[in-house]
Amino acid sequence: MHGITLIDEIYLGLSHDDTFGQSALGLKGEQGQPLGDDIIRINSFSKYFNMTGWRLGWLVVPPSLVPAIERLAQNLFICPSTISQHAALACFEPDSLAEYERRRAEFKARRDYFIPELNRLGLTVPVMPDGAFYAWADCTQACQNWGISTDAAHGSWDFAFELMKRAHLAATPGRDFGTADPQRYIRFSTANSMAQLQEAIHRLEHIL
């Protein structure tokens, strides 16, 4: 496995910027040579194809690794269910792809509304998301305004509970996603209707 790169592209289909919405299989090395034979690409029907819970996905692997992957797979599962395989094939019908693209555009519209509103309210999003449906917001100022300690044990963890109590809004504290100042950050999801997101902003504005 030396020299092989494992790439998770499950959210690739929900990219909002063509610069980033490209598969790693198209990457080239310093000399312009394709890197495809050095990449294992992981993808799934869960996100772009809206089949969360069906537990169906695929790998693209270098030909030399196919026998090893097949031996590994046969010890993990027998095969995906027939129903899920038929559903997966239907995803590639033109009408299905048109609906997925409409849905992707809706996710982008929600991002373009929600992120500036969070910034306006002081829940600063340091990096505009390039895809998917999440917002990673700095809640440091809001914590200070509410008298919440921003040490490692509190911060966004306590802030998330306060959001539920004061505004009936659910968000996820940063410590679920890493170790880089997690007490400063909270994650919102925009996988909801625009009307619900507008209501969320209204409630945040009222309590902040």
# chains A, B, ... in the order shown; residues from 1 in each chain; ligands from 1
>>> closest_atom_pairs(of="segment 81-200 of chain A", to="segment 22-45 of chain A", cutoff="12 Å", atoms="only C-alpha atoms", output="JSON lines")
{"residue": "A:Ser84", "atom": "CA", "partner": "A:Phe45", "partner_atom": "CA", "distance": 9.9}
{"residue": "A:Gln85", "atom": "CA", "partner": "A:Phe45", "partner_atom": "CA", "distance": 10.4}
{"residue": "A:Ala87", "atom": "CA", "partner": "A:Phe45", "partner_atom": "CA", "distance": 9.8}
{"residue": "A:Ala88", "atom": "CA", "partner": "A:Phe45", "partner_atom": "CA", "distance": 7.2}
{"residue": "A:Leu89", "atom": "CA", "partner": "A:Phe45", "partner_atom": "CA", "distance": 10.4}
{"residue": "A:Ala90", "atom": "CA", "partner": "A:Phe45", "partner_atom": "CA", "distance": 11.4}
{"residue": "A:Cys91", "atom": "CA", "partner": "A:Phe45", "partner_atom": "CA", "distance": 8.7}
{"residue": "A:Phe92", "atom": "CA", "partner": "A:Phe45", "partner_atom": "CA", "distance": 11.0}
{"residue": "A:Tyr100", "atom": "CA", "partner": "A:Phe45", "partner_atom": "CA", "distance": 11.6}
{"residue": "A:Gly131", "atom": "CA", "partner": "A:Gln22", "partner_atom": "CA", "distance": 12.0}
>>> write_last_selection(atoms="C-alpha atoms", output="mmCIF file, in the first residue's frame")
data_model
loop_
_atom_site.group_PDB
_atom_site.id
_atom_site.type_symbol
_atom_site.label_atom_id
_atom_site.label_comp_id
_atom_site.auth_asym_id
_atom_site.auth_seq_id
_atom_site.Cartn_x
_atom_site.Cartn_y
_atom_site.Cartn_z
ATOM 1 C CA SER A 84 -30.778 -0.948 -3.156
ATOM 2 C CA GLN A 85 -28.916 -1.923 -6.321
ATOM 3 C CA ALA A 87 -32.464 2.102 -6.676
ATOM 4 C CA ALA A 88 -28.820 2.983 -7.312
ATOM 5 C CA LEU A 89 -29.149 2.299 -11.036
ATOM 6 C CA ALA A 90 -32.222 4.540 -11.159
ATOM 7 C CA CYS A 91 -30.085 7.390 -9.789
ATOM 8 C CA PHE A 92 -28.353 7.684 -13.155
ATOM 9 C CA TYR A 100 -30.250 15.942 -7.937
ATOM 10 C CA GLY A 131 -19.973 22.350 -0.742
#
>>> residues_around(residues="Phe161 of chain A", least_positions_apart="6", cutoff="12 Å", atoms="only C-alpha atoms", output="PyMOL selection string")
chain A and resi 143+148+154-155+167-173+186
>>> write_last_selection(atoms="C-alpha atoms", output="compact mmCIF listing (two decimals), in the first residue's frame")
# COMPACT_ATOMS: atom_id res chain seq x y z
CA CYS A 143 -20.26 32.93 24.57
CA ILE A 148 -20.07 31.29 29.02
CA HIS A 154 -17.14 24.61 28.00
CA GLY A 155 -17.46 27.13 25.16
CA ALA A 167 -34.31 29.45 21.03
CA HIS A 168 -35.20 25.77 20.55
CA LEU A 169 -32.43 25.51 17.96
CA ALA A 170 -30.21 22.45 17.65
CA ALA A 171 -26.56 22.83 16.63
CA THR A 172 -23.50 20.67 17.24
CA PRO A 173 -20.54 21.73 19.41
CA ILE A 186 -20.28 25.29 16.54
>>> atom_distance(atom1="atom CA of Leu12 of chain A", atom2="atom CA of Glu106 of chain A")
15.8 Å
>>> select_by_dssp(residues="segment 93-199 of chain A", states="strand (DSSP E or B)", output="PyMOL selection string")
chain A and resi 124+131+134-138+172-173+185-189
>>> residues_around(residues="Gly122 of chain A", least_positions_apart="5", cutoff="8 Å", atoms="only C-alpha atoms", output="PyMOL selection string")
chain A and resi 139+141-142
>>> write_last_selection(atoms="C-alpha atoms", output="compact mmCIF listing (two decimals), in the first residue's frame")
# COMPACT_ATOMS: atom_id res chain seq x y z
CA CYS A 139 -19.30 31.43 18.72
CA GLN A 141 -18.24 36.46 21.04
CA ALA A 142 -21.69 35.03 21.73
>>> residues_around(residues="Ile115 of chain A", least_positions_apart="4", cutoff="7 Å", atoms="only C-alpha atoms", output="list in words")
Arg111, Asn119, Val125 and Ala135 of chain A
>>> write_last_selection(atoms="C-alpha atoms", output="CSV table (one decimal), in the first residue's frame")
chain,number,residue,atom,x,y,z
A,111,ARG,CA,-25.6,28.5,2.0
A,119,ASN,CA,-21.7,36.6,10.0
A,125,VAL,CA,-17.9,31.6,9.5
A,135,ALA,CA,-21.6,26.0,8.5
>>> select_by_dssp(residues="segment 76-117 of chain A", states="alpha helix (DSSP H)", output="ChimeraX atom specification")
/A:82-90,94-117
